[in-house]
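S.K.: Next up, structure-v9.cif (mmCIF, C-alpha atoms and all ligand atoms).
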data_model
loop_
_atom_site.label_atom_id
_atom_site.label_comp_id
_atom_site.auth_asym_id
_atom_site.auth_seq_id
_atom_site.Cartn_x
_atom_site.Cartn_y
_atom_site.Cartn_z
CA MET V 1 51.41 4.99 94.02
CA LYS V 2 54.84 5.92 94.99
CA MET V 3 56.59 8.37 92.80
CA LYS V 4 60.19 9.10 93.34
CA ARG V 5 60.98 12.75 93.14
CA ARG V 6 62.74 13.64 89.97
CA CYS V 7 64.95 16.47 89.20
CA ILE V 8 63.48 18.85 86.71
CA GLY V 9 65.89 19.57 83.96
CA LEU V 10 67.92 16.42 84.19
CA LEU V 11 65.38 14.06 82.83
CA VAL V 12 64.40 16.18 79.96
CA CYS V 13 62.74 14.55 77.11
CA ILE V 14 65.45 14.74 74.56
CA LEU V 15 68.47 16.88 74.80
CA SER V 16 69.56 19.00 71.96
CA ALA V 17 72.88 17.37 72.60
CA LEU V 18 71.45 14.58 70.56
CA ALA V 19 71.87 16.64 67.46
CA ALA V 20 75.56 16.79 68.17
CA CYS V 21 75.76 13.14 69.08
CA ALA V 22 73.81 11.69 66.25
CA PRO V 23 76.41 11.94 63.54
CA ALA V 24 78.97 10.32 65.82
CA THR V 25 76.58 7.53 66.70
CA PRO V 26 76.99 5.01 64.00
CA THR V 27 73.64 4.13 62.63
CA VAL V 28 72.97 0.54 63.41
CA ALA V 29 72.94 -1.52 60.29
CA ILE V 30 69.34 -1.60 59.45
CA ILE V 31 67.59 -4.42 57.76
CA PRO V 32 69.83 -6.72 55.89
CA THR V 33 66.98 -8.00 53.81
CA LEU V 34 63.51 -6.79 53.41
CA ALA V 35 62.08 -9.86 51.85
CA PRO V 36 58.97 -10.75 53.77
CA THR V 37 58.62 -14.33 54.79
CA PRO V 38 56.26 -16.47 52.80
CA THR V 39 53.67 -16.24 55.54
CA LEU V 40 53.20 -12.62 54.67
CA THR V 41 53.10 -12.95 50.95
CA PRO V 42 49.53 -14.12 50.70
CA THR V 43 48.37 -11.65 53.31
CA PRO V 44 46.37 -9.09 51.41
CA LEU V 45 47.84 -6.08 53.10
CA ALA V 46 47.22 -3.76 50.26
CA ARG V 47 43.64 -4.81 49.67
CA PRO V 48 41.56 -1.93 50.84
CA THR V 49 38.61 -2.74 53.00
CA PRO V 50 35.62 -0.48 52.66
CA GLU V 51 36.34 1.05 56.04
CA ARG V 52 40.01 1.60 55.51
CA ALA V 53 41.31 5.06 56.30
CA ASN V 54 44.78 6.37 55.68
CA PHE V 55 46.91 8.59 57.82
CA ASP V 56 46.20 12.18 56.88
CA ALA V 57 48.98 14.56 57.86
CA THR V 58 46.78 17.62 57.44
CA ARG V 59 44.41 16.26 60.08
CA ALA V 60 47.41 15.56 62.32
CA PHE V 61 48.60 19.10 61.76
CA ASP V 62 45.21 20.41 62.84
CA ALA V 63 45.56 18.49 66.09
CA ALA V 64 49.05 19.93 66.58
CA ARG V 65 47.63 23.40 65.94
CA LYS V 66 44.99 22.84 68.58
CA LEU V 67 47.58 21.70 71.14
CA ALA V 68 50.49 24.04 70.46
CA GLY V 69 48.74 26.90 68.70
CA GLU V 70 45.54 27.29 70.71
CA ILE V 71 46.15 25.58 74.05
CA GLY V 72 49.84 26.36 74.40
CA ALA V 73 52.08 25.28 77.28
CA ARG V 74 50.81 22.15 79.00
CA VAL V 75 52.73 21.84 82.23
CA ALA V 76 51.92 18.69 84.19
CA GLY V 77 49.87 19.39 87.27
CA ALA V 78 49.40 23.03 86.29
CA SER V 79 48.15 23.79 82.79
CA GLY V 80 47.61 20.44 81.12
CA ALA V 81 43.91 19.88 81.77
CA GLN V 82 42.60 21.53 78.63
CA ALA V 83 44.87 19.42 76.47
CA ALA V 84 43.76 16.25 78.26
CA ASP V 85 40.12 17.15 77.62
CA TYR V 86 40.81 17.76 73.96
CA ILE V 87 42.70 14.49 73.49
CA ALA V 88 40.01 12.53 75.34
CA SER V 89 37.30 14.02 73.13
CA GLU V 90 39.26 13.15 69.99
CA PHE V 91 39.77 9.57 71.12
CA GLU V 92 36.06 9.27 71.92
CA LYS V 93 35.13 10.68 68.54
CA TYR V 94 37.02 7.82 66.90
CA GLY V 95 35.31 5.13 68.92
CA LEU V 96 37.95 4.47 71.56
CA GLN V 97 37.00 3.71 75.14
CA VAL V 98 38.57 6.52 77.08
CA THR V 99 39.73 6.52 80.67
CA ARG V 100 41.91 8.91 82.56
CA GLN V 101 44.58 7.51 84.74
CA PRO V 102 45.43 9.88 87.57
CA PHE V 103 48.75 9.73 89.36
CA GLU V 104 50.41 11.82 92.00
CA PHE V 105 53.76 13.45 91.87
CA GLU V 106 55.68 16.12 93.71
CA GLY V 107 55.69 19.50 92.11
CA TRP V 108 57.52 22.57 93.28
CA GLU V 109 56.58 26.19 93.13
CA ASP V 110 58.23 29.38 94.28
CA ARG V 111 55.71 32.14 94.85
CA GLY V 112 58.45 34.55 95.81
CA THR V 113 61.81 34.43 97.49
CA THR V 114 63.73 37.41 98.84
CA ALA V 115 66.91 37.72 100.81
CA GLN V 116 68.43 40.91 102.16
CA LEU V 117 71.08 42.05 104.53
CA VAL V 118 69.72 43.96 107.50
CA SER V 119 72.98 44.68 109.32
CA PRO V 120 75.49 46.35 109.13
CA GLU V 121 73.59 47.77 106.19
CA ASN V 122 70.43 47.14 104.25
CA LEU V 123 71.23 45.43 101.00
CA LYS V 124 68.91 43.47 98.77
CA LEU V 125 70.55 40.26 97.65
CA ASP V 126 70.15 38.72 94.22
CA ALA V 127 68.54 35.51 95.45
CA GLN V 128 66.38 32.67 94.26
CA ALA V 129 65.33 29.46 95.89
CA LEU V 130 66.83 26.30 94.44
CA GLN V 131 64.22 24.05 92.90
CA TYR V 132 62.62 21.79 95.50
CA SER V 133 63.82 23.97 98.35
CA VAL V 134 61.39 24.33 101.23
CA GLY V 135 60.22 27.85 102.02
CA GLY V 136 60.47 29.71 105.30
CA LYS V 137 61.26 32.94 107.06
CA VAL V 138 64.65 33.18 108.65
CA ASP V 139 66.36 36.09 110.33
CA GLY V 140 69.89 35.46 111.53
CA GLU V 141 73.58 35.99 111.50
CA VAL V 142 75.41 34.96 108.34
CA VAL V 143 78.36 32.61 108.83
CA LEU V 144 80.81 31.87 106.05
CA VAL V 145 81.57 28.19 105.73
CA PRO V 146 85.09 27.50 104.41
CA GLY V 147 85.69 25.24 101.45
CA LEU V 148 82.78 24.02 99.39
CA GLY V 149 80.44 22.81 102.11
CA ASN V 150 81.62 19.34 102.96
CA ARG V 151 80.93 18.01 106.47
CA ALA V 152 84.50 18.79 107.48
CA ASP V 153 84.04 22.37 106.31
CA PHE V 154 80.96 22.80 108.48
CA ALA V 155 82.85 21.36 111.44
CA GLN V 156 85.18 24.35 111.38
CA VAL V 157 82.47 26.90 112.11
CA ASN V 158 79.39 27.23 114.27
CA VAL V 159 76.28 27.75 112.16
CA ARG V 160 73.72 26.59 114.73
CA ASP V 161 70.62 28.78 114.48
CA LYS V 162 72.40 30.88 111.90
CA ILE V 163 72.40 31.33 108.14
CA ALA V 164 75.26 29.46 106.51
CA LEU V 165 76.95 30.91 103.44
CA VAL V 166 78.95 28.69 101.14
CA LYS V 167 80.46 28.89 97.69
CA ARG V 168 78.94 27.05 94.75
CA GLY V 169 80.73 24.07 93.21
CA GLY V 170 82.38 20.78 94.00
CA VAL V 171 79.62 19.36 96.18
CA PRO V 172 75.99 18.79 95.11
CA PHE V 173 73.61 21.49 96.32
CA SER V 174 71.58 19.04 98.34
CA VAL V 175 74.68 17.68 100.09
CA LYS V 176 75.80 21.17 101.06
CA ALA V 177 72.32 21.86 102.36
CA GLN V 178 72.01 18.58 104.24
CA ASN V 179 75.38 19.21 105.86
CA ALA V 180 74.20 22.66 106.89
CA ALA V 181 70.92 21.34 108.29
CA GLU V 182 72.70 18.56 110.16
CA VAL V 183 74.68 21.06 112.22
CA GLY V 184 71.70 23.26 112.96
CA ALA V 185 71.81 25.98 110.32
CA ARG V 186 68.40 27.53 109.69
CA ALA V 187 69.06 28.33 106.04
CA LEU V 188 71.79 28.01 103.48
CA LEU V 189 72.93 30.63 101.00
CA ILE V 190 75.00 29.31 98.11
CA TYR V 191 76.81 32.03 96.21
CA ASN V 192 77.85 31.66 92.60
CA ASP V 193 81.48 31.23 91.62
CA ALA V 194 80.83 33.73 88.81
CA PRO V 195 79.32 37.21 89.33
CA THR V 196 75.98 36.20 87.82
CA SER V 197 72.99 34.55 89.43
CA PHE V 198 72.17 30.90 88.88
CA THR V 199 69.49 28.29 89.36
CA GLY V 200 69.73 24.68 90.32
CA THR V 201 67.85 21.74 91.67
CA LEU V 202 68.06 19.93 94.97
CA ARG V 203 68.18 16.28 94.18
CA GLU V 204 67.36 15.22 97.71
CA ARG V 205 64.89 16.69 100.10
CA VAL V 206 66.39 19.14 102.57
CA SER V 207 64.70 20.62 105.63
CA ILE V 208 66.02 24.19 105.42
CA PRO V 209 65.53 26.93 102.80
CA THR V 210 68.36 26.70 100.29
CA ILE V 211 68.92 29.85 98.32
CA ALA V 212 71.09 30.62 95.32
CA LEU V 213 72.88 33.98 95.39
CA SER V 214 74.61 35.70 92.52
CA GLY V 215 78.36 35.81 92.79
CA LYS V 216 78.12 39.57 93.18
CA SER V 217 75.82 39.30 96.19
CA GLY V 218 78.14 36.67 97.63
CA GLN V 219 81.13 38.97 97.28
CA ASP V 220 79.20 41.83 98.87
CA ILE V 221 78.60 39.69 101.94
CA LEU V 222 82.20 38.48 102.08
CA LYS V 223 83.43 42.07 102.12
CA LEU V 224 81.16 42.99 104.99
CA LEU V 225 82.07 39.84 106.93
CA LYS V 226 85.70 40.97 106.98
CA ASN V 227 84.67 43.88 109.19
CA GLY V 228 82.28 42.15 111.56
CA SER V 229 79.04 40.33 111.84
CA VAL V 230 76.38 40.40 109.18
CA ARG V 231 72.68 39.67 109.58
CA ALA V 232 70.31 38.67 106.86
CA ASN V 233 66.62 38.17 106.44
CA ILE V 234 65.25 35.46 104.16
CA ALA V 235 61.62 35.09 103.17
CA SER V 236 60.81 32.29 100.78
CA ASP V 237 57.35 31.19 99.76
CA ALA V 238 58.55 28.09 97.95
CA ALA V 239 56.97 24.71 98.51
CA VAL V 240 56.93 21.14 97.36
CA GLU V 241 53.36 20.15 96.71
CA LYS V 242 51.48 17.07 95.70
CA ARG V 243 50.21 17.44 92.19
CA ALA V 244 48.04 15.26 90.04
CA GLY V 245 48.92 14.17 86.54
CA TYR V 246 46.56 12.43 84.11
CA ASN V 247 47.29 9.99 81.37
CA VAL V 248 44.57 9.90 78.74
CA VAL V 249 44.07 6.27 77.72
CA GLY V 250 42.00 5.32 74.68
CA THR V 251 41.41 1.64 74.01
CA LEU V 252 40.34 0.04 70.77
CA LYS V 253 39.36 -3.49 71.59
CA GLY V 254 40.90 -6.06 69.31
CA LYS V 255 39.96 -9.65 68.52
CA THR V 256 42.57 -10.81 70.99
CA ASP V 257 43.70 -9.40 74.30
CA GLU V 258 47.24 -9.18 73.09
CA THR V 259 47.97 -5.50 73.32
CA ILE V 260 49.97 -2.88 71.49
CA VAL V 261 50.49 0.49 73.13
CA LEU V 262 50.91 3.64 71.07
CA GLY V 263 51.99 6.58 73.19
CA GLY V 264 53.28 10.11 73.28
CA HIS V 265 53.45 12.74 75.98
CA TYR V 266 51.16 15.74 75.87
CA ASP V 267 52.77 17.76 78.64
CA SER V 268 55.31 20.43 77.81
CA VAL V 269 57.81 22.50 79.70
CA SER V 270 56.65 25.97 80.74
CA ALA V 271 59.09 27.78 78.45
CA GLY V 272 57.00 27.43 75.31
CA PRO V 273 54.03 25.81 73.62
CA GLY V 274 55.82 22.51 73.04
CA ALA V 275 55.01 22.13 69.36
CA GLY V 276 57.69 19.76 68.18
CA ASP V 277 58.05 18.46 71.72
CA ASN V 278 55.49 17.05 71.78
CA ALA V 279 52.31 18.33 70.18
CA SER V 280 53.65 16.71 67.03
CA GLY V 281 53.77 13.26 68.59
CA VAL V 282 50.34 13.54 70.19
CA ALA V 283 48.87 14.82 66.94
CA THR V 284 50.27 11.75 65.20
CA LEU V 285 48.79 9.58 67.92
CA ILE V 286 45.35 11.16 67.54
CA GLU V 287 45.35 10.73 63.79
CA LEU V 288 46.45 7.11 64.15
CA ALA V 289 43.55 6.60 66.53
CA ARG V 290 41.20 7.93 63.87
CA VAL V 291 42.69 5.60 61.27
CA ALA V 292 42.49 2.59 63.57
CA GLY V 293 38.97 3.42 64.70
CA ALA V 294 37.78 3.72 61.11
CA GLY V 295 39.13 0.35 60.05
CA ALA V 296 37.99 -3.20 60.69
CA PRO V 297 38.44 -4.31 64.30
CA PRO V 298 42.14 -4.98 64.79
CA GLN V 299 43.58 -8.29 65.86
CA HIS V 300 45.50 -6.75 68.74
CA THR V 301 43.88 -4.53 71.28
CA LEU V 302 45.31 -1.10 70.58
CA VAL V 303 45.84 1.21 73.52
CA PHE V 304 46.52 4.85 72.65
CA ILE V 305 48.00 6.78 75.55
CA ALA V 306 48.74 10.47 75.84
CA PHE V 307 51.14 10.58 78.77
CA ASP V 308 51.39 13.40 81.25
CA ALA V 309 54.51 14.56 83.12
CA GLU V 310 57.09 13.15 80.76
CA GLU V 311 59.08 16.34 81.11
CA LEU V 312 59.33 15.77 84.84
CA GLY V 313 60.94 12.38 84.40
CA MET V 314 58.58 10.19 82.38
CA LEU V 315 56.22 10.05 85.33
CA GLY V 316 53.05 9.32 83.37
CA SER V 317 54.43 6.36 81.49
CA ARG V 318 55.95 5.00 84.67
CA ALA V 319 52.62 5.29 86.39
CA TYR V 320 50.94 3.46 83.54
CA VAL V 321 53.45 0.63 83.45
CA ASP V 322 53.41 0.36 87.24
CA SER V 323 49.63 -0.02 87.13
CA LEU V 324 49.82 -3.11 84.93
CA SER V 325 49.60 -6.55 86.45
CA ASP V 326 52.16 -9.13 85.42
CA ALA V 327 49.47 -10.80 83.34
CA GLN V 328 48.68 -7.56 81.53
CA LEU V 329 52.33 -6.89 81.00
CA ALA V 330 52.77 -10.34 79.53
CA LYS V 331 50.06 -9.52 76.97
CA LEU V 332 51.84 -6.37 75.89
CA ARG V 333 53.39 -7.10 72.53
CA GLY V 334 55.03 -3.77 71.88
CA MET V 335 55.05 -0.03 72.44
CA LEU V 336 55.44 2.68 69.81
CA ASN V 337 56.52 6.01 71.25
CA PHE V 338 55.95 9.25 69.34
CA ASP V 339 57.97 12.11 70.75
CA MET V 340 59.39 15.11 68.92
CA LEU V 341 58.94 13.63 65.49
CA GLY V 342 57.42 16.61 63.71
CA ALA V 343 60.13 19.26 63.81
CA GLY V 344 63.87 19.65 63.38
CA GLY V 345 65.83 17.97 60.68
CA GLY V 346 67.55 14.88 59.42
CA PRO V 347 65.92 11.58 58.69
CA LEU V 348 63.09 10.08 60.69
CA LEU V 349 64.66 8.26 63.60
CA LEU V 350 63.13 4.92 64.50
CA MET V 351 65.11 3.93 67.50
CA GLY V 352 65.41 0.54 68.99
CA ASP V 353 67.15 -2.74 68.53
CA GLY V 354 64.23 -5.09 68.98
CA LYS V 355 61.81 -6.62 66.55
CA LEU V 356 59.40 -3.74 66.59
CA ALA V 357 62.11 -1.26 65.64
CA LEU V 358 63.32 -3.57 62.89
CA LEU V 359 59.81 -3.87 61.57
CA SER V 360 59.39 -0.09 61.74
CA ARG V 361 62.54 0.60 59.77
CA ALA V 362 61.61 -2.06 57.24
CA SER V 363 58.18 -0.46 56.91
CA ALA V 364 59.79 2.92 56.31
CA LYS V 365 61.94 1.42 53.63
CA GLU V 366 58.92 -0.11 51.94
CA LEU V 367 57.39 3.34 51.89
CA ASP V 368 60.57 4.92 50.55
CA ILE V 369 60.99 6.96 53.70
CA ASP V 370 64.51 7.65 54.91
CA ALA V 371 64.65 6.34 58.45
CA ARG V 372 67.52 5.40 60.73
CA ASN V 373 68.26 3.84 64.02
CA SER V 374 70.02 5.98 66.58
CA SER V 375 70.36 6.21 70.32
CA LEU V 376 69.74 8.84 72.94
CA PRO V 377 72.49 10.37 75.05
CA ALA V 378 72.56 9.06 78.59
CA ASN V 379 70.94 12.15 80.06
CA ALA V 380 67.94 12.10 77.75
CA GLY V 381 64.96 9.85 77.69
CA SER V 382 61.36 9.41 76.71
CA ASP V 383 58.33 7.33 77.58
CA HIS V 384 59.28 4.15 75.75
CA GLU V 385 61.96 3.65 78.38
CA SER V 386 59.34 3.06 81.03
CA PHE V 387 58.14 0.11 78.95
CA ALA V 388 61.56 -1.13 77.88
CA ARG V 389 62.55 -1.26 81.52
CA ARG V 390 59.86 -3.87 82.03
CA GLY V 391 60.95 -5.91 79.06
CA VAL V 392 58.48 -4.57 76.51
CA ASP V 393 59.66 -4.34 72.90
CA THR V 394 59.68 -0.68 71.87
CA VAL V 395 60.33 1.65 68.99
CA PHE V 396 60.86 5.36 69.36
CA PHE V 397 59.77 7.75 66.58
CA MET V 398 61.62 11.08 66.72
CA ARG V 399 63.84 13.57 64.94
CA ASP V 400 66.82 15.66 65.92
CA TYR V 401 65.51 18.97 67.12
CA ASP V 402 67.41 21.86 68.69
CA LEU V 403 64.51 24.05 69.76
CA LEU V 404 62.96 21.73 72.31
CA HIS V 405 62.20 23.33 75.67
CA THR V 406 62.52 26.83 74.25
CA PRO V 407 59.94 29.55 73.52
CA GLU V 408 60.79 29.00 69.85
CA ASP V 409 59.32 25.50 69.82
CA THR V 410 56.22 26.83 68.09
CA LEU V 411 53.73 25.47 65.59
CA ASP V 412 55.62 26.86 62.59
CA GLN V 413 58.43 24.42 63.37
CA ILE V 414 56.21 21.45 62.57
CA LYS V 415 56.57 20.10 59.07
CA LEU V 416 53.64 18.40 57.45
CA GLU V 417 56.00 16.03 55.68
CA TYR V 418 57.43 14.83 58.99
CA LEU V 419 54.00 14.09 60.39
CA ASP V 420 53.16 12.29 57.18
CA GLN V 421 56.27 10.12 57.29
CA ALA V 422 55.91 9.13 60.92
CA GLY V 423 52.19 8.50 60.58
CA ARG V 424 52.46 6.38 57.48
CA VAL V 425 55.24 4.28 58.94
CA ALA V 426 53.24 3.72 62.11
CA GLN V 427 50.14 2.79 60.15
CA ARG V 428 52.15 0.33 58.09
CA VAL V 429 53.62 -1.19 61.24
CA LEU V 430 50.15 -1.69 62.69
CA GLU V 431 48.99 -3.31 59.46
CA ARG V 432 51.96 -5.64 59.44
CA LEU V 433 51.39 -6.61 63.04
CA ASP V 434 47.74 -7.20 62.33
CA ALA V 435 48.52 -9.38 59.35
CA ALA V 436 51.12 -11.34 61.30
CA SER V 437 48.66 -11.89 64.11
CA LYS V 438 46.03 -13.15 61.68
CA SER V 439 48.45 -15.56 60.10
CA ASP V 440 49.28 -16.76 63.58
CA SER V 441 45.72 -17.10 64.76
CA SER V 442 45.72 -20.86 64.31
CA ASN V 443 48.68 -20.93 66.63
CA GLN V 444 47.45 -19.01 69.64
CA ASP V 445 50.42 -19.58 71.85
CA SER V 446 52.77 -18.15 69.33
CA LEU V 447 54.40 -14.99 70.47
CA LYS V 448 55.66 -14.19 67.04
CA LEU V 449 54.97 -10.64 66.17
CA MET V 450 57.18 -10.19 63.26
CA PRO V 451 56.69 -11.46 59.81
CA LEU V 452 60.26 -10.56 59.03
CA GLU V 453 62.03 -13.39 60.69
ZN ZN D 1 59.19 15.15 74.50
#
Kindly present the structure from the file in structure tokens form.
Ligand SMILES: [Zn+2]
M.R.:
Amino acid sequence: MKMKRRCIGLLVCILSALAACAPATPTVAIIPTLAPTPTLTPTPLARPTPERANFDATRAFDAARKLAGEIGARVAGASGAQAADYIASEFEKYGLQVTRQPFEFEGWEDRGTTAQLVSPENLKLDAQALQYSVGGKVDGEVVLVPGLGNRADFAQVNVRDKIALVKRGGVPFSVKAQNAAEVGARALLIYNDAPTSFTGTLRERVSIPTIALSGKSGQDILKLLKNGSVRANIASDAAVEKRAGYNVVGTLKGKTDETIVLGGHYDSVSAGPGAGDNASGVATLIELARVAGAGAPPQHTLVFIAFDAEELGMLGSRAYVDSLSDAQLAKLRGMLNFDMLGAGGGPLLLMGDGKLALLSRASAKELDIDARNSSLPANAGSDHESFARRGVDTVFFMRDYDLLHTPEDTLDQIKLEYLDQAGRVAQRVLERLDAASKSDSSNQDSLKLMPLE
């Protein structure tokens, strides 16, 4: 399937900025009234069936320990396979039908990039390839491009078959590089506007190696250029490669083919073991699968999905949603997303403005769990968005968490109480949906999910 290249770092799962934003984001007025409609009243929700199991946070914590404590970083297309195997085996253990959904995406790797001046003197430059830069070996004269690397700037100099040098800032990296390539440069060096080195991402594909230089290295070259020509040698073993990601999909067949998806991403960034983000969500998902598998067959078909490559731009959930036919999509009654719910602070966030989110917050209230609505900053996202984009009703379980995407996002950040709260709310939501579906079973064409309205 076609996967648009995403820029690593932009589409991060949740930004810590959220912590700063949340207080300013007025919490949406939650449920004006919690009184269930009469249709629910006679539904014996609380009556335990012999098979009934309850969400057990200690079991969820064990799953989080396995993922974040034993397996560690789970980078999509690189180090996620062991986690996928583990999740699949857990789902199978609880009676789910497990499939793996493969999907392709573009990954990028730099196996080593060097740049050095070879004339008038030998000088090693502080260089690194920009993410998604192509690799290559280039030896050539360095030409300073005036300005910030707009087309007009390149028109003032001749960089054909040479190495262009331009200052950072003002113009996106990929635009600078495309402008350089367009007029025949063989590589582009972008020097920092501060003395330090920097990294960045090319948002568009560019045909020439595009290398970030520290400001100090840039200034060294500028000095030498004042006295004559400068030659440099670039060797970059960076490459964009096709990678495979795998969603782990566990299905618990219901009495109807109306479907509810429960999902959370199991991939992490490379910086750390991804405990809060998102071993905690997957652990909750696994424990919910156990609870659902132990109970009576549900009304709805429940599809538990551990998504891959969320950190690269929600690629796994997109691939899943893209794989659904219109008919399957029309049967999808809702999606619960569990991401970063087990660490951090503040109340449980149950985000969304649709029926499912309302039901979730009402369920939390019934359980005496402090839960709020909130919203993500524009530059953050998670897997529920892939579903919401296609019109599916979603709710997003999370908490504010500053340590995401850091080496400090370790198992000790996960709080048992947080797993317990999220898990119990989710279980209650599933029970309410089940009960509502039963009460609707004489009315098959009813799309009513919610007993609250
Ligand atoms: Zn996440």
S.K.: Write as a VMD selection string the residues around ligand ZN 1 (chain D), taking 12 Å as the cut-off and counting only C-alpha atoms and all ligand atoms.
M.R.: chain V and resid 11 to 16 74 263 to 269 273 to 282 306 to 314 337 to 343 380 to 384 396 to 401 403 to 405 409
S.K.: Measure the distance from CA of Ala60 (chain V) to CA of Ile87 (chain V) in Å and round it to one decimal.
M.R.: 12.2 Å
S.K.: For the point (64.7, 34.5, 109.6) in the file's frame, write as a PyMOL selection string all residues with an atom no more than 12 Å away, counting only C-alpha atoms.
M.R.: chain V and resi 114-118+135-142+161-163+185-188+208-209+231-236
S.K.: Using the selection just defined, write its residues with C-alpha atoms as a compact mmCIF listing (two decimals), in the coordinates of the input.
M.R.:
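See selection31.txt below for the written result:
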# COMPACT_ATOMS: atom_id res chain seq x y z
CA THR V 114 63.73 37.41 98.84
CA ALA V 115 66.91 37.72 100.81
CA GLN V 116 68.43 40.91 102.16
CA LEU V 117 71.08 42.05 104.53
CA VAL V 118 69.72 43.96 107.50
CA GLY V 135 60.22 27.85 102.02
CA GLY V 136 60.47 29.71 105.30
CA LYS V 137 61.26 32.94 107.06
CA VAL V 138 64.65 33.18 108.65
CA ASP V 139 66.36 36.09 110.33
CA GLY V 140 69.89 35.46 111.53
CA GLU V 141 73.58 35.99 111.50
CA VAL V 142 75.41 34.96 108.34
CA ASP V 161 70.62 28.78 114.48
CA LYS V 162 72.40 30.88 111.90
CA ILE V 163 72.40 31.33 108.14
CA ALA V 185 71.81 25.98 110.32
CA ARG V 186 68.40 27.53 109.69
CA ALA V 187 69.06 28.33 106.04
CA LEU V 188 71.79 28.01 103.48
CA ILE V 208 66.02 24.19 105.42
CA PRO V 209 65.53 26.93 102.80
CA ARG V 231 72.68 39.67 109.58
CA ALA V 232 70.31 38.67 106.86
CA ASN V 233 66.62 38.17 106.44
CA ILE V 234 65.25 35.46 104.16
CA ALA V 235 61.62 35.09 103.17
CA SER V 236 60.81 32.29 100.78
S.K.: Counting all atoms listed in the file, which of V:Met335, V:Ala53, V:Ala194, V:Leu224 gets nearest to Ala388 (chain V)?
M.R.: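 Residue with the minimum atom-to-atom distance to Ala388 (chain V): V:Met335.
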S.K.: Do you know which residues lie at most 9 Å from (83.4, 23.0, 99.1), with coordinates as in the file and all atoms listed in the file counted, and could you write them as a CSV table (one decimal) with C-alpha atoms, in the frame of the given file?
M.R.:
chain,number,residue,atom,x,y,z
V,145,VAL,CA,81.6,28.2,105.7
V,146,PRO,CA,85.1,27.5,104.4
V,147,GLY,CA,85.7,25.2,101.4
V,148,LEU,CA,82.8,24.0,99.4
V,149,GLY,CA,80.4,22.8,102.1
V,150,ASN,CA,81.6,19.3,103.0
V,153,ASP,CA,84.0,22.4,106.3
V,166,VAL,CA,79.0,28.7,101.1
V,167,LYS,CA,80.5,28.9,97.7
V,168,ARG,CA,78.9,27.0,94.8
V,169,GLY,CA,80.7,24.1,93.2
V,170,GLY,CA,82.4,20.8,94.0
V,171,VAL,CA,79.6,19.4,96.2
V,176,LYS,CA,75.8,21.2,101.1
S.K.: How far is it from CA of Ala57 (chain V) to CA of Arg361 (chain V), in Å with one decimal?
M.R.: 19.6 Å
S.K.: Mind pulling up the distance from CA of Arg372 (chain V) to CA of Leu358 (chain V)?
M.R.: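 Interatomic distance, CA of Leu358 (chain V) to CA of Arg372 (chain V): 10.1 Å.
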S.K.: Kindly provide the residues of region 217-307 of chain V that approach region 326-333 of chain V to within 12 Å, each paired with its closest atom pair and their distance in Å to one decimal, based on only C-alpha atoms, listed by chain and increasing number, as a tab-separated table.
M.R.:
residue	atom	partner	partner_atom	distance
V:Thr256	CA	V:Lys331	CA	9.7
V:Asp257	CA	V:Lys331	CA	6.9
V:Glu258	CA	V:Lys331	CA	4.8
V:Thr259	CA	V:Leu332	CA	4.7
V:Ile260	CA	V:Arg333	CA	5.5
V:Val261	CA	V:Leu332	CA	7.5
V:Leu262	CA	V:Arg333	CA	11.1
V:Gln299	CA	V:Arg333	CA	11.9
V:His300	CA	V:Arg333	CA	8.8
V:Thr301	CA	V:Leu332	CA	9.4
V:Leu302	CA	V:Leu332	CA	9.9
V:Val303	CA	V:Leu332	CA	10.0
S.K.: If we count all atoms listed in the file, what is near Ala88 (chain V) at a cut-off of 10 Å, once residues fewer than 4 positions away on the same chain are taken out, given as a PyMOL selection string?
M.R.: chain V and resi 82-84+92-93+96-100+247-250+286+305-306
S.K.: Looking at only C-alpha atoms, which of V:Asp440, V:Glu385, V:Asp56, V:Asp370 is the one that sits closest to Leu336 (chain V)?
M.R.: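 The shortest atom-to-atom distance to Leu336 (chain V) comes from V:Glu385.
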S.K.: Select, from V:Tyr94, V:Tyr246, V:Tyr191, V:Tyr418, the residue with the minimum atom-to-atom distance to Ala129 (chain V), counting all atoms listed in the file.
M.R.: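 For Ala129 (chain V), the nearest of the given residues is V:Tyr191.
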S.K.: Please write out, as JSON, where the centre of an axis-aligned box around all listed atoms of region 168-172 of chain V lies and how long its edges are, in Å to one decimal, after adding 5 Å on each side.
M.R.:
{"center_x": 79.2, "center_y": 22.9, "center_z": 94.7, "size_x": 16.4, "size_y": 18.3, "size_z": 13.0}
S.K.: Which one is closest to Asp126 (chain V): V:Glu104, V:Asp193, V:Asp62, V:Asp220? Count only C-alpha atoms.
M.R.: V:Asp220
S.K.: Select, from V:Ser217, V:Asn54, V:Asn379, V:Ser133, the residue with the minimum atom-to-atom distance to Arg424 (chain V), counting all atoms listed in the file.
M.R.: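 Going through V:Ser217, V:Asn54, V:Asn379, V:Ser133 one by one, the smallest distance to Arg424 (chain V) is for V:Asn54.
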S.K.: Could you extract region 338-348 of chain V of the given structure into a file holding C-alpha atoms, as an mmCIF file, in the first residue's frame?
M.R.:
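Below is the file that was written, result.cif:
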data_model
loop_
_atom_site.group_PDB
_atom_site.id
_atom_site.type_symbol
_atom_site.label_atom_id
_atom_site.label_comp_id
_atom_site.auth_asym_id
_atom_site.auth_seq_id
_atom_site.Cartn_x
_atom_site.Cartn_y
_atom_site.Cartn_z
ATOM 1 C CA PHE V 338 -4.633 3.398 24.789
ATOM 2 C CA ASP V 339 -1.478 5.455 24.563
ATOM 3 C CA MET V 340 0.680 6.767 27.382
ATOM 4 C CA LEU V 341 -1.895 6.179 30.054
ATOM 5 C CA GLY V 342 0.295 4.556 32.692
ATOM 6 C CA ALA V 343 2.791 7.242 33.650
ATOM 7 C CA GLY V 344 2.975 10.955 34.348
ATOM 8 C CA GLY V 345 0.444 12.809 36.384
ATOM 9 C CA GLY V 346 -2.903 14.496 36.567
ATOM 10 C CA PRO V 347 -6.231 12.860 36.025
ATOM 11 C CA LEU V 348 -6.924 10.140 33.501
#
